[in-house]
>>> print(open('coords17.pdb').read())   # PDB, C-alpha atoms
ATOM      1  CA  ALA A 277     -13.976  10.833  41.939
ATOM      2  CA  GLN A 278     -16.308  10.853  44.895
ATOM      3  CA  SER A 279     -19.333  13.004  44.291
ATOM      4  CA  VAL A 280     -22.825  13.763  45.522
ATOM      5  CA  SER A 281     -25.557  14.758  43.132
ATOM      6  CA  GLN A 282     -28.910  16.287  43.893
ATOM      7  CA  HIS A 283     -31.564  15.876  41.276
ATOM      8  CA  ASN A 284     -33.465  19.104  41.649
ATOM      9  CA  HIS A 285     -32.040  22.588  41.891
ATOM     10  CA  HIS A 286     -35.353  24.294  42.559
ATOM     11  CA  VAL A 287     -38.573  22.895  43.957
ATOM     12  CA  ILE A 288     -41.772  24.847  44.483
ATOM     13  CA  LEU A 289     -44.570  23.381  46.566
ATOM     14  CA  SER A 290     -47.763  24.453  48.223
ATOM     15  CA  GLU A 291     -48.206  23.974  51.936
ATOM     16  CA  ALA A 292     -49.285  20.457  52.942
ATOM     17  CA  ALA A 293     -47.785  18.944  49.799
ATOM     18  CA  SER A 294     -45.398  16.030  50.182
ATOM     19  CA  LEU A 295     -41.719  16.495  49.565
ATOM     20  CA  GLU A 296     -39.045  14.215  48.219
ATOM     21  CA  LEU A 297     -35.591  15.484  47.352
ATOM     22  CA  GLY A 298     -33.263  13.133  45.562
ATOM     23  CA  CYS A 299     -29.637  12.524  46.448
ATOM     24  CA  ASN A 300     -27.184  10.061  44.952
ATOM     25  CA  TYR A 301     -23.575   9.498  45.888
ATOM     26  CA  SER A 302     -20.775   7.830  44.022
ATOM     27  CA  TYR A 303     -18.671   5.838  46.418
ATOM     28  CA  GLY A 304     -18.525   2.098  46.764
ATOM     29  CA  GLY A 305     -17.211   1.756  50.278
ATOM     30  CA  THR A 306     -18.557   2.651  53.683
ATOM     31  CA  VAL A 307     -20.055   6.084  53.635
ATOM     32  CA  ASN A 308     -21.920   8.239  56.096
ATOM     33  CA  LEU A 309     -24.696  10.397  54.716
ATOM     34  CA  PHE A 310     -26.217  13.670  55.840
ATOM     35  CA  TRP A 311     -28.848  16.198  54.986
ATOM     36  CA  TYR A 312     -28.236  19.799  55.969
ATOM     37  CA  VAL A 313     -30.652  22.712  55.743
ATOM     38  CA  GLN A 314     -29.854  26.388  55.350
ATOM     39  CA  TYR A 315     -32.695  28.757  56.160
ATOM     40  CA  PRO A 316     -32.500  32.226  54.608
ATOM     41  CA  GLY A 317     -29.780  34.239  56.263
ATOM     42  CA  GLN A 318     -28.689  31.414  58.541
ATOM     43  CA  HIS A 319     -25.900  28.883  58.719
ATOM     44  CA  LEU A 320     -26.058  25.246  57.704
ATOM     45  CA  GLN A 321     -27.814  23.018  60.217
ATOM     46  CA  LEU A 322     -27.906  19.244  60.391
ATOM     47  CA  LEU A 323     -31.321  17.757  59.595
ATOM     48  CA  LEU A 324     -30.437  14.101  59.891
ATOM     49  CA  LYS A 325     -27.661  11.602  59.370
ATOM     50  CA  TYR A 326     -27.095   7.965  58.532
ATOM     51  CA  PHE A 327     -24.119   6.087  59.907
ATOM     52  CA  SER A 328     -25.370   2.488  60.121
ATOM     53  CA  GLY A 329     -28.361   0.402  61.186
ATOM     54  CA  ASP A 330     -31.937   1.168  60.191
ATOM     55  CA  PRO A 331     -31.778   2.666  56.686
ATOM     56  CA  LEU A 332     -34.805   4.832  57.416
ATOM     57  CA  VAL A 333     -33.621   7.692  59.547
ATOM     58  CA  LYS A 334     -35.725  10.349  61.158
ATOM     59  CA  GLY A 335     -34.506  13.853  61.692
ATOM     60  CA  ILE A 336     -35.726  17.097  63.094
ATOM     61  CA  LYS A 337     -38.873  18.933  62.020
ATOM     62  CA  GLY A 338     -40.587  15.852  60.632
ATOM     63  CA  PHE A 339     -37.990  15.055  57.987
ATOM     64  CA  GLU A 340     -36.832  11.550  57.211
ATOM     65  CA  ALA A 341     -34.479   9.965  54.720
ATOM     66  CA  GLU A 342     -34.009   6.481  53.388
ATOM     67  CA  PHE A 343     -30.646   4.976  52.597
ATOM     68  CA  ILE A 344     -30.868   2.540  49.689
ATOM     69  CA  LYS A 345     -27.435   1.024  49.242
ATOM     70  CA  SER A 346     -28.224  -0.705  45.963
ATOM     71  CA  LYS A 347     -29.239   2.604  44.426
ATOM     72  CA  PHE A 348     -26.541   4.700  46.108
ATOM     73  CA  SER A 349     -29.351   6.975  47.178
ATOM     74  CA  PHE A 350     -30.330   8.903  50.280
ATOM     75  CA  ASN A 351     -33.536  10.744  49.475
ATOM     76  CA  LEU A 352     -35.070  13.240  51.853
ATOM     77  CA  ARG A 353     -38.805  13.180  52.521
ATOM     78  CA  LYS A 354     -41.455  15.035  54.429
ATOM     79  CA  PRO A 355     -45.132  14.086  54.195
ATOM     80  CA  SER A 356     -46.499  17.609  54.555
ATOM     81  CA  VAL A 357     -44.382  20.714  54.109
ATOM     82  CA  GLN A 358     -44.917  24.057  55.773
ATOM     83  CA  TRP A 359     -44.065  27.568  54.676
ATOM     84  CA  SER A 360     -41.301  27.548  57.287
ATOM     85  CA  ASP A 361     -39.556  24.733  55.391
ATOM     86  CA  THR A 362     -38.567  27.234  52.720
ATOM     87  CA  ALA A 363     -34.794  26.854  52.641
ATOM     88  CA  GLU A 364     -31.909  25.335  50.755
ATOM     89  CA  TYR A 365     -31.214  21.660  51.378
ATOM     90  CA  PHE A 366     -27.832  20.036  50.954
ATOM     91  CA  CYS A 367     -27.048  16.354  50.822
ATOM     92  CA  ALA A 368     -23.538  15.385  51.942
ATOM     93  CA  ALA A 369     -21.436  12.271  52.222
ATOM     94  CA  SER A 370     -18.424  11.430  54.304
ATOM     95  CA  PRO A 371     -16.470   8.623  52.669
ATOM     96  CA  SER A 372     -13.958   8.578  55.471
ATOM     97  CA  GLY A 373     -16.570   8.102  58.109
ATOM     98  CA  GLY A 374     -17.955  10.222  60.894
ATOM     99  CA  TYR A 375     -18.162  13.920  60.230
ATOM    100  CA  ASN A 376     -14.793  14.144  58.634
ATOM    101  CA  LYS A 377     -14.297  15.283  55.064
ATOM    102  CA  LEU A 378     -17.777  16.121  53.784
ATOM    103  CA  ILE A 379     -18.630  16.105  50.105
ATOM    104  CA  PHE A 380     -21.680  18.231  49.394
ATOM    105  CA  GLY A 381     -24.250  18.157  46.645
ATOM    106  CA  ALA A 382     -25.128  21.362  44.809
ATOM    107  CA  GLY A 383     -28.170  21.976  46.946
ATOM    108  CA  THR A 384     -31.900  22.169  46.301
ATOM    109  CA  ARG A 385     -33.704  25.402  46.856
ATOM    110  CA  LEU A 386     -37.204  24.735  48.201
ATOM    111  CA  ALA A 387     -39.916  27.363  48.143
ATOM    112  CA  VAL A 388     -43.169  26.589  49.936
ATOM    113  CA  HIS A 389     -46.114  28.793  49.154
ATOM    114  CA  PRO A 390     -48.913  29.271  51.681
TER     115      PRO A 390
ATOM    116  CA  GLY B 225     -24.803  25.649  72.120
ATOM    117  CA  ALA B 226     -22.188  24.836  69.469
ATOM    118  CA  VAL B 227     -22.046  28.250  67.878
ATOM    119  CA  VAL B 228     -19.488  29.095  65.229
ATOM    120  CA  SER B 229     -18.885  32.736  64.471
ATOM    121  CA  GLN B 230     -17.344  33.903  61.234
ATOM    122  CA  HIS B 231     -16.002  37.404  60.684
ATOM    123  CA  PRO B 232     -16.380  39.427  58.608
ATOM    124  CA  SER B 233     -19.651  38.429  57.006
ATOM    125  CA  TRP B 234     -18.942  40.487  53.928
ATOM    126  CA  VAL B 235     -15.800  42.104  52.611
ATOM    127  CA  ILE B 236     -15.016  44.073  49.482
ATOM    128  CA  CYS B 237     -11.448  44.895  48.644
ATOM    129  CA  LYS B 238      -9.176  45.849  45.804
ATOM    130  CA  SER B 239      -7.303  43.353  43.713
ATOM    131  CA  GLY B 240      -3.868  42.576  45.117
ATOM    132  CA  THR B 241      -4.727  42.985  48.770
ATOM    133  CA  SER B 242      -4.803  40.213  51.336
ATOM    134  CA  VAL B 243      -7.937  39.395  53.275
ATOM    135  CA  LYS B 244      -8.186  37.554  56.566
ATOM    136  CA  ILE B 245     -11.331  35.672  57.605
ATOM    137  CA  GLU B 246     -11.763  34.475  61.164
ATOM    138  CA  CYS B 247     -13.658  31.422  62.358
ATOM    139  CA  ARG B 248     -14.329  31.073  66.065
ATOM    140  CA  SER B 249     -16.034  28.383  68.086
ATOM    141  CA  LEU B 250     -17.791  30.380  70.779
ATOM    142  CA  ASP B 251     -18.892  27.792  73.293
ATOM    143  CA  PHE B 252     -16.833  24.711  72.569
ATOM    144  CA  GLN B 253     -13.301  23.720  71.756
ATOM    145  CA  ALA B 254     -12.601  22.689  68.202
ATOM    146  CA  THR B 255      -9.594  20.556  67.439
ATOM    147  CA  THR B 256     -10.570  20.469  63.791
ATOM    148  CA  MET B 257     -11.918  23.217  61.577
ATOM    149  CA  PHE B 258     -12.810  23.029  57.923
ATOM    150  CA  TRP B 259     -12.811  25.711  55.257
ATOM    151  CA  TYR B 260     -15.214  25.523  52.326
ATOM    152  CA  ARG B 261     -15.756  27.631  49.254
ATOM    153  CA  GLN B 262     -19.094  27.975  47.533
ATOM    154  CA  PHE B 263     -19.624  29.333  44.051
ATOM    155  CA  PRO B 264     -23.073  30.574  43.015
ATOM    156  CA  LYS B 265     -25.510  27.731  42.476
ATOM    157  CA  GLN B 266     -22.833  25.188  43.260
ATOM    158  CA  SER B 267     -22.019  22.990  46.193
ATOM    159  CA  LEU B 268     -19.688  23.691  49.060
ATOM    160  CA  MET B 269     -16.197  22.574  48.103
ATOM    161  CA  LEU B 270     -13.849  21.604  50.885
ATOM    162  CA  MET B 271     -10.661  23.638  50.619
ATOM    163  CA  ALA B 272      -8.732  22.445  53.629
ATOM    164  CA  THR B 273      -8.888  20.751  56.987
ATOM    165  CA  SER B 274      -7.207  22.545  59.841
ATOM    166  CA  ASN B 275      -6.099  20.866  63.040
ATOM    167  CA  GLU B 276      -5.104  22.891  66.055
ATOM    168  CA  GLY B 277      -1.383  23.237  66.379
ATOM    169  CA  SER B 278      -0.482  21.613  63.081
ATOM    170  CA  LYS B 279      -0.372  22.433  59.407
ATOM    171  CA  ALA B 280      -3.570  22.403  57.430
ATOM    172  CA  THR B 281      -4.315  19.659  54.944
ATOM    173  CA  TYR B 282      -5.314  21.113  51.608
ATOM    174  CA  GLU B 283      -7.552  19.475  49.041
ATOM    175  CA  GLN B 284      -6.269  18.796  45.576
ATOM    176  CA  GLY B 285      -6.173  21.925  43.459
ATOM    177  CA  VAL B 286      -6.193  24.368  46.368
ATOM    178  CA  GLU B 287      -3.081  26.557  46.483
ATOM    179  CA  LYS B 288      -1.752  26.539  50.019
ATOM    180  CA  ASP B 289       0.348  29.632  49.399
ATOM    181  CA  LYS B 290      -2.722  31.447  48.179
ATOM    182  CA  PHE B 291      -5.026  30.393  50.976
ATOM    183  CA  LEU B 292      -3.104  30.509  54.235
ATOM    184  CA  ILE B 293      -4.736  28.738  57.139
ATOM    185  CA  ASN B 294      -3.758  29.142  60.755
ATOM    186  CA  HIS B 295      -5.341  27.238  63.628
ATOM    187  CA  ALA B 296      -3.402  28.536  66.583
ATOM    188  CA  SER B 297      -5.928  27.815  69.303
ATOM    189  CA  LEU B 298      -8.813  25.495  70.049
ATOM    190  CA  THR B 299     -11.310  28.249  69.317
ATOM    191  CA  LEU B 300      -9.864  30.135  66.375
ATOM    192  CA  SER B 301      -8.875  29.387  62.820
ATOM    193  CA  THR B 302      -8.087  32.005  60.201
ATOM    194  CA  LEU B 303      -8.080  31.892  56.425
ATOM    195  CA  THR B 304      -6.009  34.516  54.658
ATOM    196  CA  VAL B 305      -6.524  34.999  50.948
ATOM    197  CA  THR B 306      -3.224  36.451  49.807
ATOM    198  CA  SER B 307      -2.937  38.847  46.875
ATOM    199  CA  ALA B 308      -6.606  38.398  46.136
ATOM    200  CA  HIS B 309      -7.888  38.673  42.583
ATOM    201  CA  PRO B 310     -11.408  38.841  41.162
ATOM    202  CA  GLU B 311     -11.460  35.090  40.575
ATOM    203  CA  ASP B 312     -11.102  34.620  44.338
ATOM    204  CA  SER B 313     -14.465  36.253  44.844
ATOM    205  CA  SER B 314     -16.697  33.682  46.449
ATOM    206  CA  PHE B 315     -18.551  32.658  49.562
ATOM    207  CA  TYR B 316     -16.263  31.114  52.169
ATOM    208  CA  ILE B 317     -17.714  28.987  54.958
ATOM    209  CA  CYS B 318     -15.985  27.487  57.945
ATOM    210  CA  SER B 319     -17.072  24.674  60.206
ATOM    211  CA  ALA B 320     -15.734  23.351  63.469
ATOM    212  CA  LYS B 321     -15.766  19.963  65.132
ATOM    213  CA  SER B 322     -15.887  19.517  68.873
ATOM    214  CA  ALA B 323     -12.865  18.097  70.609
ATOM    215  CA  GLY B 324     -14.652  14.830  71.265
ATOM    216  CA  GLY B 325     -13.255  11.357  71.697
ATOM    217  CA  ASN B 326     -14.301  10.005  68.321
ATOM    218  CA  SER B 327     -14.901  11.055  64.772
ATOM    219  CA  ASN B 328     -18.664  11.225  65.253
ATOM    220  CA  GLN B 329     -18.649  14.744  66.581
ATOM    221  CA  PRO B 330     -20.707  16.866  64.172
ATOM    222  CA  GLN B 331     -19.437  19.809  62.199
ATOM    223  CA  HIS B 332     -20.982  23.120  63.221
ATOM    224  CA  PHE B 333     -21.060  25.758  60.509
ATOM    225  CA  GLY B 334     -20.458  29.465  60.504
ATOM    226  CA  ASP B 335     -22.632  31.929  58.600
ATOM    227  CA  GLY B 336     -20.067  32.374  55.853
ATOM    228  CA  THR B 337     -18.104  35.291  54.461
ATOM    229  CA  ARG B 338     -18.876  36.823  51.114
ATOM    230  CA  LEU B 339     -15.662  38.036  49.536
ATOM    231  CA  SER B 340     -15.779  40.408  46.587
ATOM    232  CA  ILE B 341     -12.553  41.449  44.893
ATOM    233  CA  LEU B 342     -12.753  44.466  42.638
TER     234      LEU B 342
END
>>> encode(input="coords17.pdb", output="structure tokens")
Amino acid sequence: AQSVSQHNHHVILSEAASLELGCNYSYGGTVNLFWYVQYPGQHLQLLLKYFSGDPLVKGIKGFEAEFIKSKFSFNLRKPSVQWSDTAEYFCAASPSGGYNKLIFGAGTRLAVHP
Amino acid sequence: GAVVSQHPSWVICKSGTSVKIECRSLDFQATTMFWYRQFPKQSLMLMATSNEGSKATYEQGVEKDKFLINHASLTLSTLTVTSAHPEDSSFYICSAKSAGGNSNQPQHFGDGTRLSIL
């Protein structure tokens, strides 16, 4: 079955620390990949997406992610986190392409301490 | 732009009652809306895909007679949990896709509805 797994359920960092959140998907065909963020009390928002082309994609708020096909991975990174990055982060895949059926990971709750 | 409103945000009701949740796209037309369910500390699970004017497509394991979906207009989809029981308690989230010309229109998410069945 198609699935998305996120390695960490909870991450705690101090401000200015670097962030890397792991995401792996299980699907051998063409897949589009996404990272969504949910700030406390808010709805899911798209951080970045990968459809094709350059495997290093840049998103909003200084986030980036790298698609490594051989590892079925799409890890999210940010060189220096801020307190305002405290949120829950979801990795998602769309095996059917585009923004159609999305399969989500379980989410990673990030807490950034000042 | 691209705001999706979900109502109610929280509902508590007795076992056996039916509950309707509304999902509205406020500033765009949505030919496709999606309904997700999220259990505590788990991922969002797609329940069904709803296309305006046609029957919803349910994911495997989702009872279509239990979770009735109606997408009667380009701005409104409803999810009705019929004869709700405590095991239906969950967080329900909808999303909507713009009526664009290709599949690369993003999904915009609502704030979710927390349903508690006593």
>>> interface_residues(input="coords17.pdb", of="chain B", to="chain A", cutoff="10 Å", atoms="all atoms listed in the file", output="PyMOL selection string")
chain B and resi 227-229+256-258+260+262-270+272-273+283+317+319+321+326-336
>>> resolve_selection(input="coords17.pdb", expression="the PyMOL selection byres ((chain A and resi 332) around 6)", output="list in words")
Asp330, Pro331, Val333, Ala341 and Glu342 of chain A
>>> closest_residue(input="coords17.pdb", among="B:Leu303, B:Leu339, B:Met271, B:Ala320", to="Leu250 in chain B", atoms="all atoms listed in the file")
B:Ala320
>>> resolve_selection(input="coords17.pdb", expression="the PyMOL selection byres ((chain A and resi 278) around 7)", output="PyMOL selection string")
chain A and resi 277+279+302-303
>>> closest_residue(input="coords17.pdb", among="A:Ser294, A:Asn300, A:Ser328, A:Asn284", to="Asn351 in chain A", atoms="all atoms listed in the file")
A:Asn300
>>> atom_distance(input="coords17.pdb", atom1="CA of Ala363 in chain A", atom2="CA of Lys347 in chain A")
26.2 Å
>>> closest_residue(input="coords17.pdb", among="B:Thr255, B:Thr241, B:Ser340, B:Thr306", to="Lys290 in chain B", atoms="all atoms listed in the file")
B:Thr306
>>> resolve_selection(input="coords17.pdb", expression="the PyMOL selection byres ((chain A and resi 297) around 9)", output="number ranges by chain")
A: 282-284, 287, 295-296, 298-299, 350-353, 365, 384
>>> atom_distance(input="coords17.pdb", atom1="CA of Cys318 in chain B", atom2="CA of Trp259 in chain B")
4.5 Å
>>> axis_aligned_box(input="coords17.pdb", around="range 280-284 of chain B", padding_each_side="4 Å", output="lines of an AutoDock Vina configuration file")
center_x = -5.6
center_y = 20.6
center_z = 51.5
size_x = 12.0
size_y = 11.6
size_z = 19.9
